[in-house]
file final_35.tsv (TSV, C-alpha atoms and all ligand atoms)
chain	number	residue	atom	x	y	z
E	20	MET	CA	-41.51	127.70	-113.41
E	21	SER	CA	-44.21	129.26	-115.52
E	22	PHE	CA	-46.96	126.98	-116.86
E	23	SER	CA	-46.50	128.38	-120.36
E	24	THR	CA	-43.43	126.24	-121.12
E	25	LEU	CA	-45.02	122.91	-120.17
E	26	GLY	CA	-46.86	122.16	-123.41
E	27	LEU	CA	-50.44	123.08	-122.41
E	28	SER	CA	-52.94	124.73	-124.77
E	29	PRO	CA	-53.79	128.46	-124.60
E	30	ALA	CA	-57.30	127.62	-123.33
E	31	LEU	CA	-55.90	125.64	-120.41
E	32	LEU	CA	-53.29	128.31	-119.68
E	33	LYS	CA	-56.09	130.85	-119.50
E	34	ALA	CA	-58.04	128.64	-117.07
E	35	ILE	CA	-54.90	128.23	-114.94
E	36	GLU	CA	-54.45	131.98	-114.87
E	37	LEU	CA	-58.07	132.40	-113.73
E	38	GLN	CA	-57.24	130.18	-110.77
E	39	ASN	CA	-54.39	132.54	-109.88
E	40	TYR	CA	-51.82	129.77	-110.24
E	41	THR	CA	-48.84	131.93	-111.11
E	42	GLN	CA	-46.12	129.26	-110.98
E	43	ALA	CA	-46.25	125.53	-111.57
E	44	TYR	CA	-45.54	123.54	-108.43
E	45	PRO	CA	-42.56	121.12	-108.62
E	46	ILE	CA	-44.80	118.07	-109.14
E	47	GLN	CA	-46.58	119.86	-112.00
E	48	GLU	CA	-43.33	120.93	-113.58
E	49	ALA	CA	-42.18	117.31	-113.68
E	50	ALA	CA	-45.42	115.40	-114.23
E	51	ILE	CA	-47.17	117.52	-116.87
E	52	PRO	CA	-44.55	116.98	-119.61
E	53	ALA	CA	-44.20	113.29	-118.63
E	54	VAL	CA	-47.95	112.66	-118.90
E	55	LEU	CA	-48.11	114.56	-122.19
E	56	ARG	CA	-45.35	112.24	-123.51
E	57	LYS	CA	-47.66	109.33	-122.55
E	58	SER	CA	-45.07	107.99	-120.11
E	59	ASP	CA	-46.02	106.04	-117.03
E	60	VAL	CA	-45.44	108.09	-113.87
E	61	LEU	CA	-44.74	107.21	-110.27
E	62	GLY	CA	-45.40	110.36	-108.24
E	63	ILE	CA	-44.45	110.37	-104.59
E	64	ALA	CA	-46.31	113.40	-103.35
E	65	GLN	CA	-48.75	114.43	-100.66
E	66	THR	CA	-52.08	116.14	-100.92
E	67	GLY	CA	-51.26	119.83	-101.04
E	68	SER	CA	-48.37	119.40	-103.44
E	69	GLY	CA	-50.58	120.24	-106.42
E	70	LYS	CA	-50.62	116.64	-107.63
E	71	THR	CA	-54.24	116.72	-108.83
E	72	ALA	CA	-53.62	119.43	-111.43
E	73	SER	CA	-50.36	117.67	-112.33
E	74	PHE	CA	-52.33	114.82	-113.88
E	75	VAL	CA	-55.66	116.50	-114.70
E	76	LEU	CA	-54.16	119.17	-116.99
E	77	PRO	CA	-52.08	116.88	-119.24
E	78	ILE	CA	-54.84	114.24	-119.33
E	79	LEU	CA	-57.28	116.87	-120.59
E	80	MET	CA	-54.69	117.93	-123.17
E	81	ASN	CA	-54.28	114.36	-124.36
E	82	LEU	CA	-58.06	113.92	-124.53
E	83	LYS	CA	-59.08	117.19	-126.08
E	84	ASP	CA	-58.76	116.14	-129.72
E	85	SER	CA	-59.20	112.39	-129.33
E	86	ALA	CA	-61.99	110.56	-131.12
E	87	PRO	CA	-65.22	109.79	-129.28
E	88	ILE	CA	-65.72	106.24	-128.03
E	89	LYS	CA	-68.68	103.98	-127.51
E	90	ASN	CA	-71.16	104.85	-124.81
E	91	ARG	CA	-70.37	103.46	-121.34
E	92	HIS	CA	-66.73	103.00	-122.34
E	93	ILE	CA	-64.39	105.42	-120.60
E	94	LYS	CA	-60.97	106.66	-121.68
E	95	VAL	CA	-59.60	107.74	-118.34
E	96	LEU	CA	-60.09	105.93	-115.06
E	97	VAL	CA	-58.98	107.56	-111.81
E	98	VAL	CA	-59.20	105.24	-108.81
E	99	VAL	CA	-59.18	106.93	-105.40
E	100	PRO	CA	-59.57	105.67	-101.81
E	101	THR	CA	-62.33	107.96	-100.53
E	102	ARG	CA	-65.49	109.70	-101.67
E	103	GLU	CA	-64.09	113.06	-100.60
E	104	LEU	CA	-61.08	112.65	-102.84
E	105	ALA	CA	-63.30	111.43	-105.70
E	106	ILE	CA	-65.34	114.63	-105.48
E	107	GLN	CA	-62.26	116.80	-105.23
E	108	VAL	CA	-60.58	115.25	-108.26
E	109	ARG	CA	-63.80	115.44	-110.27
E	110	ASP	CA	-64.11	119.13	-109.42
E	111	VAL	CA	-60.62	119.78	-110.80
E	112	PHE	CA	-61.44	117.84	-114.00
E	113	GLN	CA	-64.65	119.84	-114.39
E	114	LEU	CA	-62.99	123.15	-113.58
E	115	PHE	CA	-60.30	122.81	-116.25
E	116	GLY	CA	-62.38	120.67	-118.61
E	117	SER	CA	-64.96	123.43	-118.93
E	118	ALA	CA	-62.28	125.67	-120.45
E	119	LEU	CA	-61.94	123.38	-123.47
E	120	GLU	CA	-63.90	123.74	-126.65
E	121	ASN	CA	-64.64	120.03	-126.90
E	122	LYS	CA	-66.45	119.35	-123.66
E	123	ILE	CA	-65.06	116.34	-121.83
E	124	LYS	CA	-67.56	114.75	-119.48
E	125	SER	CA	-66.19	113.62	-116.13
E	126	MET	CA	-68.01	112.00	-113.26
E	127	ALA	CA	-67.28	110.73	-109.75
E	128	VAL	CA	-68.78	107.48	-108.45
E	129	TYR	CA	-68.48	106.23	-104.89
E	130	GLY	CA	-70.30	104.06	-102.40
E	131	GLY	CA	-72.60	105.11	-99.59
E	132	VAL	CA	-75.12	106.69	-101.96
E	133	SER	CA	-77.72	105.23	-104.29
E	134	ILE	CA	-76.26	103.53	-107.38
E	135	ASN	CA	-79.14	104.32	-109.78
E	136	PRO	CA	-78.40	107.99	-110.47
E	137	GLN	CA	-74.76	107.03	-111.03
E	138	MET	CA	-75.76	104.36	-113.56
E	139	LYS	CA	-77.85	106.87	-115.47
E	140	GLY	CA	-75.21	109.60	-115.26
E	141	LEU	CA	-72.53	107.44	-116.85
E	142	MET	CA	-73.80	108.03	-120.39
E	143	GLY	CA	-71.21	109.87	-122.45
E	144	VAL	CA	-68.63	110.03	-119.66
E	145	SER	CA	-65.00	109.84	-120.75
E	146	VAL	CA	-63.26	110.47	-117.42
E	147	LEU	CA	-64.44	108.41	-114.47
E	148	ILE	CA	-63.22	109.00	-110.93
E	149	ALA	CA	-64.17	106.09	-108.71
E	150	THR	CA	-63.66	104.37	-105.41
E	151	PRO	CA	-62.80	100.68	-105.98
E	152	GLY	CA	-65.88	98.99	-104.55
E	153	ARG	CA	-68.46	101.09	-106.35
E	154	LEU	CA	-66.52	100.88	-109.60
E	155	LEU	CA	-66.64	97.08	-109.52
E	156	GLU	CA	-70.35	97.14	-108.69
E	157	LEU	CA	-70.99	99.30	-111.74
E	158	VAL	CA	-68.88	97.01	-113.92
E	159	ARG	CA	-70.82	93.97	-112.72
E	160	LEU	CA	-74.06	95.73	-113.61
E	161	ASN	CA	-72.71	96.44	-117.11
E	162	ALA	CA	-73.16	100.14	-116.42
E	163	ILE	CA	-69.56	100.77	-117.43
E	164	HIS	CA	-66.89	98.96	-119.46
E	165	LEU	CA	-63.19	99.31	-118.79
E	166	SER	CA	-61.88	97.75	-122.01
E	167	SER	CA	-61.24	101.11	-123.71
E	168	VAL	CA	-59.34	102.76	-120.87
E	169	GLU	CA	-56.29	104.57	-122.24
E	170	THR	CA	-55.05	106.11	-119.00
E	171	LEU	CA	-55.28	104.73	-115.48
E	172	VAL	CA	-54.58	106.97	-112.48
E	173	LEU	CA	-54.21	105.52	-109.00
E	174	ASP	CA	-54.40	108.44	-106.61
E	175	GLU	CA	-53.31	108.05	-102.97
E	176	ALA	CA	-52.45	104.44	-103.74
E	177	ASP	CA	-50.88	103.96	-100.29
E	178	LYS	CA	-54.17	104.93	-98.70
E	179	MET	CA	-56.02	102.42	-100.88
E	180	LEU	CA	-53.78	99.65	-99.60
E	181	ASN	CA	-54.18	100.83	-96.00
E	182	LEU	CA	-57.92	100.68	-96.42
E	183	GLY	CA	-57.66	97.09	-97.64
E	184	PHE	CA	-58.52	97.64	-101.31
E	185	LYS	CA	-55.72	95.40	-102.65
E	186	ASP	CA	-58.02	92.67	-104.00
E	187	GLU	CA	-60.37	95.19	-105.59
E	188	MET	CA	-57.42	96.95	-107.20
E	189	ASN	CA	-56.12	93.71	-108.68
E	190	GLU	CA	-59.57	92.90	-110.00
E	191	ILE	CA	-59.75	96.32	-111.64
E	192	PHE	CA	-56.32	95.84	-113.27
E	193	SER	CA	-57.50	92.55	-114.75
E	194	LEU	CA	-60.36	94.34	-116.50
E	195	LEU	CA	-58.19	96.95	-118.20
E	196	PRO	CA	-56.57	96.66	-121.63
E	197	LYS	CA	-52.89	95.69	-121.47
E	198	LYS	CA	-51.74	98.68	-123.49
E	199	ARG	CA	-52.41	101.83	-121.50
E	200	GLN	CA	-50.76	104.70	-119.68
E	201	ASN	CA	-50.45	104.35	-115.90
E	202	LEU	CA	-50.00	107.11	-113.35
E	203	LEU	CA	-49.62	106.23	-109.69
E	204	PHE	CA	-49.53	108.78	-106.90
E	205	SER	CA	-48.74	108.00	-103.31
E	206	ALA	CA	-47.53	109.90	-100.25
E	207	THR	CA	-45.14	107.10	-99.33
E	208	LEU	CA	-43.53	104.12	-101.00
E	209	SER	CA	-43.90	100.99	-98.86
E	210	ASP	CA	-42.96	97.37	-99.70
E	211	ASP	CA	-46.64	96.63	-100.12
E	212	LEU	CA	-46.97	99.45	-102.60
E	213	SER	CA	-43.91	98.27	-104.53
E	214	SER	CA	-45.75	95.05	-105.30
E	215	ILE	CA	-48.46	97.16	-106.98
E	216	THR	CA	-46.11	99.54	-108.78
E	217	GLN	CA	-44.18	96.60	-110.24
E	218	VAL	CA	-47.36	95.11	-111.69
E	219	VAL	CA	-48.89	98.34	-112.92
E	220	LEU	CA	-46.10	100.65	-114.05
E	221	LYS	CA	-43.95	100.17	-117.17
E	222	ASN	CA	-40.64	102.09	-117.07
E	223	PRO	CA	-42.17	104.89	-115.06
E	224	GLU	CA	-40.73	108.36	-114.74
E	225	ILE	CA	-40.22	108.72	-111.00
E	226	ILE	CA	-41.08	112.05	-109.41
E	227	LYS	CA	-40.52	112.50	-105.71
E	228	ILE	CA	-41.78	115.56	-103.85
E	229	GLU	CA	-41.33	115.67	-100.11
E	230	THR	CA	-43.82	118.35	-99.23
E	231	ALA	CA	-44.77	117.53	-95.66
E	232	GLU	CA	-41.21	117.17	-94.46
E	233	GLU	CA	-40.22	120.38	-96.18
E	234	ASN	CA	-43.21	122.17	-94.79
E	235	ILE	CA	-42.51	121.12	-91.24
E	236	ASP	CA	-39.94	123.87	-91.04
E	237	LEU	CA	-42.67	126.40	-91.73
E	238	ILE	CA	-44.89	125.13	-88.93
E	239	THR	CA	-44.74	126.36	-85.36
E	240	GLN	CA	-45.30	123.29	-83.22
E	241	THR	CA	-46.34	123.50	-79.58
E	242	GLY	CA	-47.38	120.80	-77.14
E	243	TYR	CA	-49.44	121.22	-73.97
E	244	PHE	CA	-49.14	118.81	-71.06
E	245	ILE	CA	-52.69	118.39	-69.79
E	246	SER	CA	-54.86	115.91	-67.94
E	247	GLU	CA	-57.56	114.04	-69.85
E	248	GLU	CA	-60.44	115.85	-68.15
E	249	LYS	CA	-59.00	119.29	-68.87
E	250	LYS	CA	-58.47	118.67	-72.59
E	251	GLY	CA	-61.89	120.08	-73.49
E	252	PRO	CA	-61.47	123.36	-71.53
E	253	LEU	CA	-57.90	123.74	-72.87
E	254	LEU	CA	-59.11	123.27	-76.45
E	255	ARG	CA	-61.74	125.97	-76.01
E	256	TYR	CA	-59.24	128.22	-74.22
E	257	LEU	CA	-56.80	127.93	-77.14
E	258	ILE	CA	-59.43	128.58	-79.78
E	259	LYS	CA	-60.92	131.54	-77.96
E	260	THR	CA	-57.83	133.28	-76.60
E	261	ASN	CA	-55.93	132.94	-79.90
E	262	ASN	CA	-59.05	134.03	-81.77
E	263	MET	CA	-58.66	131.08	-84.16
E	264	LYS	CA	-61.05	131.55	-87.07
E	265	GLN	CA	-60.38	128.31	-88.94
E	266	VAL	CA	-59.04	125.33	-87.06
E	267	LEU	CA	-58.91	121.63	-87.85
E	268	VAL	CA	-59.08	119.45	-84.73
E	269	PHE	CA	-58.08	115.79	-84.84
E	270	THR	CA	-59.49	113.09	-82.60
E	271	SER	CA	-58.69	109.40	-82.58
E	272	SER	CA	-62.25	108.15	-83.00
E	273	ALA	CA	-65.58	109.13	-84.54
E	274	PHE	CA	-67.14	108.94	-81.08
E	275	ASN	CA	-64.68	111.47	-79.67
E	276	ALA	CA	-65.06	113.72	-82.72
E	277	ASP	CA	-68.80	113.95	-81.99
E	278	LYS	CA	-68.20	114.47	-78.27
E	279	VAL	CA	-65.66	117.27	-78.81
E	280	THR	CA	-67.92	118.94	-81.39
E	281	GLU	CA	-70.91	118.86	-79.09
E	282	LYS	CA	-68.92	120.36	-76.22
E	283	LEU	CA	-67.55	123.11	-78.43
E	284	ARG	CA	-71.04	124.01	-79.58
E	285	LYS	CA	-72.39	124.00	-76.03
E	286	ASN	CA	-69.65	126.46	-75.16
E	287	GLY	CA	-70.44	128.84	-77.98
E	288	VAL	CA	-67.83	127.70	-80.51
E	289	ASP	CA	-69.22	126.89	-83.93
E	290	ALA	CA	-68.04	123.37	-84.87
E	291	MET	CA	-68.88	120.43	-87.11
E	292	ALA	CA	-67.66	116.83	-87.06
E	293	MET	CA	-66.46	114.84	-90.06
E	294	HIS	CA	-65.82	111.13	-89.81
E	295	SER	CA	-66.65	107.82	-91.43
E	296	LYS	CA	-69.86	107.34	-89.44
E	297	LYS	CA	-71.38	110.51	-90.89
E	298	SER	CA	-73.45	110.31	-94.05
E	299	GLN	CA	-71.86	111.39	-97.29
E	300	GLU	CA	-74.14	114.40	-97.38
E	301	ALA	CA	-73.17	115.47	-93.85
E	302	ARG	CA	-69.47	115.12	-94.65
E	303	VAL	CA	-69.65	117.23	-97.78
E	304	LYS	CA	-71.70	119.84	-95.91
E	305	ALA	CA	-69.21	120.01	-93.03
E	306	LEU	CA	-66.24	120.35	-95.38
E	307	THR	CA	-67.88	122.98	-97.56
E	308	ASN	CA	-68.94	125.05	-94.56
E	309	PHE	CA	-65.47	124.82	-93.10
E	310	LYS	CA	-63.75	125.72	-96.36
E	311	ASN	CA	-66.02	128.71	-96.89
E	312	GLY	CA	-65.36	129.96	-93.39
E	313	ASN	CA	-68.97	129.43	-92.30
E	314	VAL	CA	-67.95	127.09	-89.52
E	315	ARG	CA	-65.01	127.82	-87.28
E	316	VAL	CA	-63.90	124.36	-86.20
E	317	LEU	CA	-63.87	121.08	-88.10
E	318	VAL	CA	-63.35	118.05	-85.89
E	319	ALA	CA	-62.10	115.11	-87.92
E	320	THR	CA	-60.55	111.67	-87.67
E	321	ASP	CA	-57.44	110.67	-89.65
E	322	ILE	CA	-59.26	108.53	-92.15
E	323	ILE	CA	-61.38	111.42	-93.38
E	324	ALA	CA	-58.65	114.01	-93.10
E	325	ARG	CA	-56.78	112.49	-96.05
E	326	GLY	CA	-59.22	113.87	-98.54
E	327	ILE	CA	-59.42	117.31	-97.00
E	328	ASP	CA	-57.80	119.88	-99.18
E	329	ILE	CA	-57.76	123.38	-97.80
E	330	GLN	CA	-55.15	125.92	-98.64
E	331	PHE	CA	-53.65	128.23	-96.05
E	332	LEU	CA	-55.12	126.43	-93.07
E	333	PRO	CA	-53.65	128.42	-90.17
E	334	PHE	CA	-54.25	126.02	-87.25
E	335	VAL	CA	-54.27	122.30	-86.60
E	336	ILE	CA	-54.91	120.94	-83.11
E	337	ASN	CA	-54.25	117.34	-82.16
E	338	TYR	CA	-56.82	116.74	-79.46
E	339	GLU	CA	-55.54	113.18	-79.38
E	340	LEU	CA	-52.34	111.79	-80.83
E	341	PRO	CA	-52.38	109.73	-83.99
E	342	ARG	CA	-50.95	106.23	-83.86
E	343	SER	CA	-48.06	106.72	-86.24
E	344	PRO	CA	-45.48	109.50	-86.62
E	345	LYS	CA	-46.32	109.50	-90.32
E	346	ASP	CA	-49.93	110.43	-89.52
E	347	TYR	CA	-48.71	113.14	-87.17
E	348	ILE	CA	-46.65	114.69	-89.96
E	349	HIS	CA	-49.55	114.33	-92.35
E	350	ARG	CA	-51.90	116.04	-89.88
E	351	ILE	CA	-49.66	118.99	-89.14
E	352	GLY	CA	-48.77	119.22	-92.84
E	353	ARG	CA	-52.34	120.48	-93.29
E	354	THR	CA	-51.05	123.79	-92.07
E	355	GLY	CA	-47.98	125.58	-93.37
E	356	ARG	CA	-48.90	124.59	-96.90
E	357	ALA	CA	-48.19	126.49	-100.07
E	358	GLU	CA	-45.45	128.44	-98.34
E	359	SER	CA	-47.78	129.98	-95.77
E	360	PRO	CA	-46.74	129.49	-92.14
E	361	GLY	CA	-49.06	127.64	-89.78
E	362	GLU	CA	-49.37	126.49	-86.23
E	363	ALA	CA	-49.81	122.96	-84.94
E	364	ILE	CA	-50.80	122.37	-81.33
E	365	THR	CA	-50.84	118.99	-79.62
E	366	LEU	CA	-52.57	118.17	-76.34
E	367	VAL	CA	-50.62	115.53	-74.44
E	368	THR	CA	-51.85	113.62	-71.40
E	369	PRO	CA	-49.37	111.84	-69.09
E	370	GLU	CA	-50.36	108.55	-70.83
E	371	GLU	CA	-49.55	110.02	-74.25
E	372	GLU	CA	-46.22	111.57	-73.26
E	373	HIS	CA	-44.08	108.58	-74.17
E	374	HIS	CA	-45.79	108.16	-77.54
E	375	PHE	CA	-45.36	111.85	-78.32
E	376	LYS	CA	-41.62	111.52	-77.61
E	377	ILE	CA	-41.44	108.69	-80.16
E	378	ILE	CA	-43.28	110.82	-82.73
E	379	GLN	CA	-40.87	113.71	-82.20
E	380	LYS	CA	-37.85	111.42	-82.46
E	381	LYS	CA	-39.11	109.95	-85.75
E	382	MET	CA	-39.89	113.44	-87.05
E	383	GLY	CA	-36.39	114.59	-86.07
E	384	LYS	CA	-37.71	117.70	-84.35
E	385	TRP	CA	-38.44	118.54	-80.72
E	386	VAL	CA	-41.65	120.34	-79.98
E	387	THR	CA	-41.80	123.21	-77.45
E	388	MET	CA	-43.83	121.97	-74.47
E	389	VAL	CA	-46.04	124.14	-72.25
E	390	GLN	CA	-47.55	123.19	-68.86
E	391	GLY	CA	-51.25	123.41	-69.67
E	392	GLU	CA	-52.09	122.77	-66.02
E	393	SER	CA	-50.69	126.16	-65.05
E	394	LEU	CA	-53.16	128.01	-67.32
E	395	ASP	CA	-56.33	129.43	-65.85
E	396	LEU	CA	-58.94	127.39	-67.66
E	397	HIS	CA	-61.74	128.46	-65.41
E	398	GLY	CA	-64.87	129.33	-67.41
E	399	TYR	CA	-63.75	127.55	-70.60
B	1	LIG	P1	-53.56	119.05	-104.44
B	1	LIG	O1	-52.21	118.66	-103.96
B	1	LIG	O2	-53.81	118.63	-105.83
B	1	LIG	O3	-54.62	118.61	-103.48
B	1	LIG	O4	-53.62	120.66	-104.50
B	1	LIG	C1	-53.53	121.47	-103.37
B	1	LIG	C2	-54.06	122.88	-103.58
B	1	LIG	O5	-53.13	123.64	-104.32
B	1	LIG	C3	-55.38	122.98	-104.33
B	1	LIG	O6	-56.23	123.85	-103.58
B	1	LIG	C4	-55.04	123.62	-105.65
B	1	LIG	O7	-56.07	124.46	-106.11
B	1	LIG	C5	-53.78	124.41	-105.33
B	1	LIG	N1	-52.83	124.50	-106.45
B	1	LIG	C6	-52.48	123.52	-107.29
B	1	LIG	N2	-51.54	123.95	-108.14
B	1	LIG	C7	-51.28	125.24	-107.83
B	1	LIG	C8	-50.39	126.22	-108.35
B	1	LIG	N3	-49.56	125.95	-109.34
B	1	LIG	N4	-50.40	127.44	-107.78
B	1	LIG	C9	-51.23	127.72	-106.74
B	1	LIG	N5	-52.09	126.84	-106.20
B	1	LIG	C10	-52.12	125.60	-106.74
call {"tool": "encode", "arguments": {"input": "final_35.tsv", "output": "structure tokens", "more": "lines below"}}
Ligand code: AMP
result
Amino acid sequence: MSFSTLGLSPALLKAIELQNYTQAYPIQEAAIPAVLRKSDVLGIAQTGSGKTASFVLPILMNLKDSAPIKNRHIKVLVVVPTRELAIQVRDVFQLFGSALENKIKSMAVYGGVSINPQMKGLMGVSVLIATPGRLLELVRLNAIHLSSVETLVLDEADKMLNLGFKDEMNEIFSLLPKKRQNLLFSATLSDDLSSITQVVLKNPEIIKIETAEENIDLITQTGYFISEEKKGPLLRYLIKTNNMKQVLVFTSSAFNADKVTEKLRKNGVDAMAMHSKKSQEARVKALTNFKNGNVRVLVATDIIARGIDIQFLPFVINYELPRSPKDYIHRIGRTGRAESPGEAITLVTPEEEHHFKIIQKKMGKWVTMVQGESLDLHGY
């Protein structure tokens, strides 16, 4: 569906056109009119579905002619689980917000960096994107007041619960005015999440987009049986012989991400690691370099991968298996997005074989398996 029928202003439509968004994605088609109507929304959608623009665009529309409010009082609060997602969402607010005549100031705040510049920067902000802990710190310091919030967005709410933010979230809810619009986005709907949706959402419009599952059909999946000690050479063999230019590699721990990265570099493959033990600055640098094509391989752990948004990622390699089938689908869903086909490769040791079978069973698809041991990995 074209964006032009969704109720957005000419200035926003122009900005959308500049981004080369020719058609609204299904989540945008459903959520934009709902948010414009000031309804509450429950959006079940993954990263990659276009969910960010689905709330940013109508929120900007609703804000564009609204009266200014007191300093350090915000109108829109977007709560997100990770710093990476905070930055990404802020960028989308700033991208489309800059197209409007009345400039709407948005800002991202998150932990792991000094709080002082954030306190100063909050002057005149109307849209705040925040991770829960840092938001509460800023509230306690009187740097920000939540009593004028008109719209609350909880993005990747399932992830927030997984990361143990339930208490912080409840504390945030208690600080908000009772009358407000609530938008909640989540990749899945668990029992735990239902307890939140019931408290937060009032007669929500429910929008369900099953991107990852749909996309699985677009993804070529291959598994390689391999011993633990040959995983490194096989990884390098795959990258080099397939001439992979942009590949996301998953490991199960930060330690292994560093180890794999170092080995790749030693063997002449440009790589960077991204995990929770890296500084904020290092993470942003790794992601930017990877997105721009300046670094060939990004080695990441699941926790960080959630916030990674890259379109048309051609290759994902599971160096190690994730714990849950859901994470496996989420990982491989990084490729084959936006209707472009992709390839997902999984390295499977004899110890991981049983677990990989369970993953495939849950996914409802069998992966073609190759005997990695029969490849000539000499020199890789
Ligand atoms: P998200 O699910 O919000 O993380 O968005 C995933 C990616 O899709 C981002 O890189 C967006 O720039 C892009 N995107 C969002 N909406 C559209 C659209 N209607 N057409 C093309 N690309 C889009």
call {"tool": "residues_near_ligand", "arguments": {"input": "final_35.tsv", "ligand": "ligand LIG 1 (chain B)", "cutoff": "8 Å", "atoms": "only C-alpha atoms and all ligand atoms", "output": "MDAnalysis selection string"}}
result
chainID E and resid 38:44 47 64:73 108 328:330 357
call {"tool": "atom_distance", "arguments": {"input": "final_35.tsv", "atom1": "CA of Gly251 (chain E)", "atom2": "CA of Ile364 (chain E)"}}
result
13.8 Å
call {"tool": "atom_distance", "arguments": {"input": "final_35.tsv", "atom1": "CA of Ser23 (chain E)", "atom2": "CA of Ile35 (chain E)"}}
result
10.0 Å
call {"tool": "closest_residue", "arguments": {"input": "final_35.tsv", "among": "E:Asp346, E:Gln265, E:Arg284, E:Ala149", "to": "Asn311 (chain E)", "atoms": "only C-alpha atoms"}}
result
E:Gln265
call {"tool": "residues_near_point", "arguments": {"input": "final_35.tsv", "point": "(-41.4, 127.1, -120.2)", "cutoff": "12 Å", "atoms": "only C-alpha atoms", "output": "VMD selection string"}}
result
chain E and resid 20 to 27 32 42 to 43 48 to 49 51 to 52
call {"tool": "residues_near_point", "arguments": {"input": "final_35.tsv", "point": "(-55.7, 112.5, -70.2)", "cutoff": "7 Å", "atoms": "only C-alpha atoms", "output": "PDB file with C-alpha atoms, in the frame of the given file"}}
result
ATOM      1  CA  ILE E 245     -52.690 118.390 -69.790  1.00  0.00           C
ATOM      2  CA  SER E 246     -54.860 115.910 -67.940  1.00  0.00           C
ATOM      3  CA  GLU E 247     -57.560 114.040 -69.850  1.00  0.00           C
ATOM      4  CA  GLU E 248     -60.440 115.850 -68.150  1.00  0.00           C
ATOM      5  CA  THR E 368     -51.850 113.620 -71.400  1.00  0.00           C
ATOM      6  CA  PRO E 369     -49.370 111.840 -69.090  1.00  0.00           C
ATOM      7  CA  GLU E 370     -50.360 108.550 -70.830  1.00  0.00           C
TER       8      GLU E 370
END
call {"tool": "atom_distance", "arguments": {"input": "final_35.tsv", "atom1": "CA of Ala276 (chain E)", "atom2": "CA of Ser343 (chain E)"}}
result
18.7 Å
call {"tool": "residues_around", "arguments": {"input": "final_35.tsv", "residues": "Val98 (chain E)", "least_positions_apart": "5", "cutoff": "8 Å", "atoms": "only C-alpha atoms", "output": "list in words"}}
result
Ile148, Ala149, Thr150, Pro151, Leu171, Val172, Leu173 and Asp174 of chain E
call {"tool": "closest_residue", "arguments": {"input": "final_35.tsv", "among": "E:Ala53, E:Leu76, E:Leu31, E:Leu82", "to": "Leu119 (chain E)", "atoms": "all atoms listed in the file"}}
result
E:Leu31
call {"tool": "residues_around", "arguments": {"input": "final_35.tsv", "residues": "Ala292 (chain E)", "least_positions_apart": "5", "cutoff": "7 Å", "atoms": "all atoms listed in the file", "output": "list in words"}}
result
Ala276, Asp277, Thr280, Ala305, Leu317, Val318 and Ala319 of chain E
call {"tool": "closest_residue", "arguments": {"input": "final_35.tsv", "among": "E:Gly143, E:Asn121, E:Ile93, E:Thr170", "to": "Pro77 (chain E)", "atoms": "only C-alpha atoms"}}
result
E:Thr170
call {"tool": "residues_around", "arguments": {"input": "final_35.tsv", "residues": "Gln390 (chain E)", "least_positions_apart": "6", "cutoff": "9 Å", "atoms": "all atoms listed in the file", "output": "VMD selection string"}}
result
chain E and resid 242 to 245
call {"tool": "closest_residue", "arguments": {"input": "final_35.tsv", "among": "E:Leu220, E:Met291, E:Leu203, E:Ile258", "to": "Glu175 (chain E)", "atoms": "all atoms listed in the file"}}
result
E:Leu203
call {"tool": "residues_around", "arguments": {"input": "final_35.tsv", "residues": "Ile191 (chain E)", "least_positions_apart": "3", "cutoff": "8 Å", "atoms": "only C-alpha atoms", "output": "list in words"}}
result
Pro151, Leu155, Glu187, Met188, Leu194 and Leu195 of chain E
call {"tool": "closest_residue", "arguments": {"input": "final_35.tsv", "among": "E:Val218, E:Leu257, E:Asn313, E:Met293", "to": "Ile336 (chain E)", "atoms": "all atoms listed in the file"}}
result
E:Leu257
call {"tool": "residues_around", "arguments": {"input": "final_35.tsv", "residues": "Thr207 (chain E)", "least_positions_apart": "6", "cutoff": "12 Å", "atoms": "only C-alpha atoms", "output": "list in words"}}
result
Leu61, Gly62, Ile63, Ala64, Gln65, Thr66, Asp174, Glu175, Ala176, Asp177, Lys178, Met179, Leu180, Asn181, Ser213, Ile226, Lys227, Ile228, Glu229, Thr230, Ala231, Glu232, Lys345, Asp346 and His349 of chain E
call {"tool": "closest_residue", "arguments": {"input": "final_35.tsv", "among": "E:Glu362, E:Glu371, E:Asp236, E:Glu339", "to": "Gly383 (chain E)", "atoms": "only C-alpha atoms"}}
result
E:Asp236
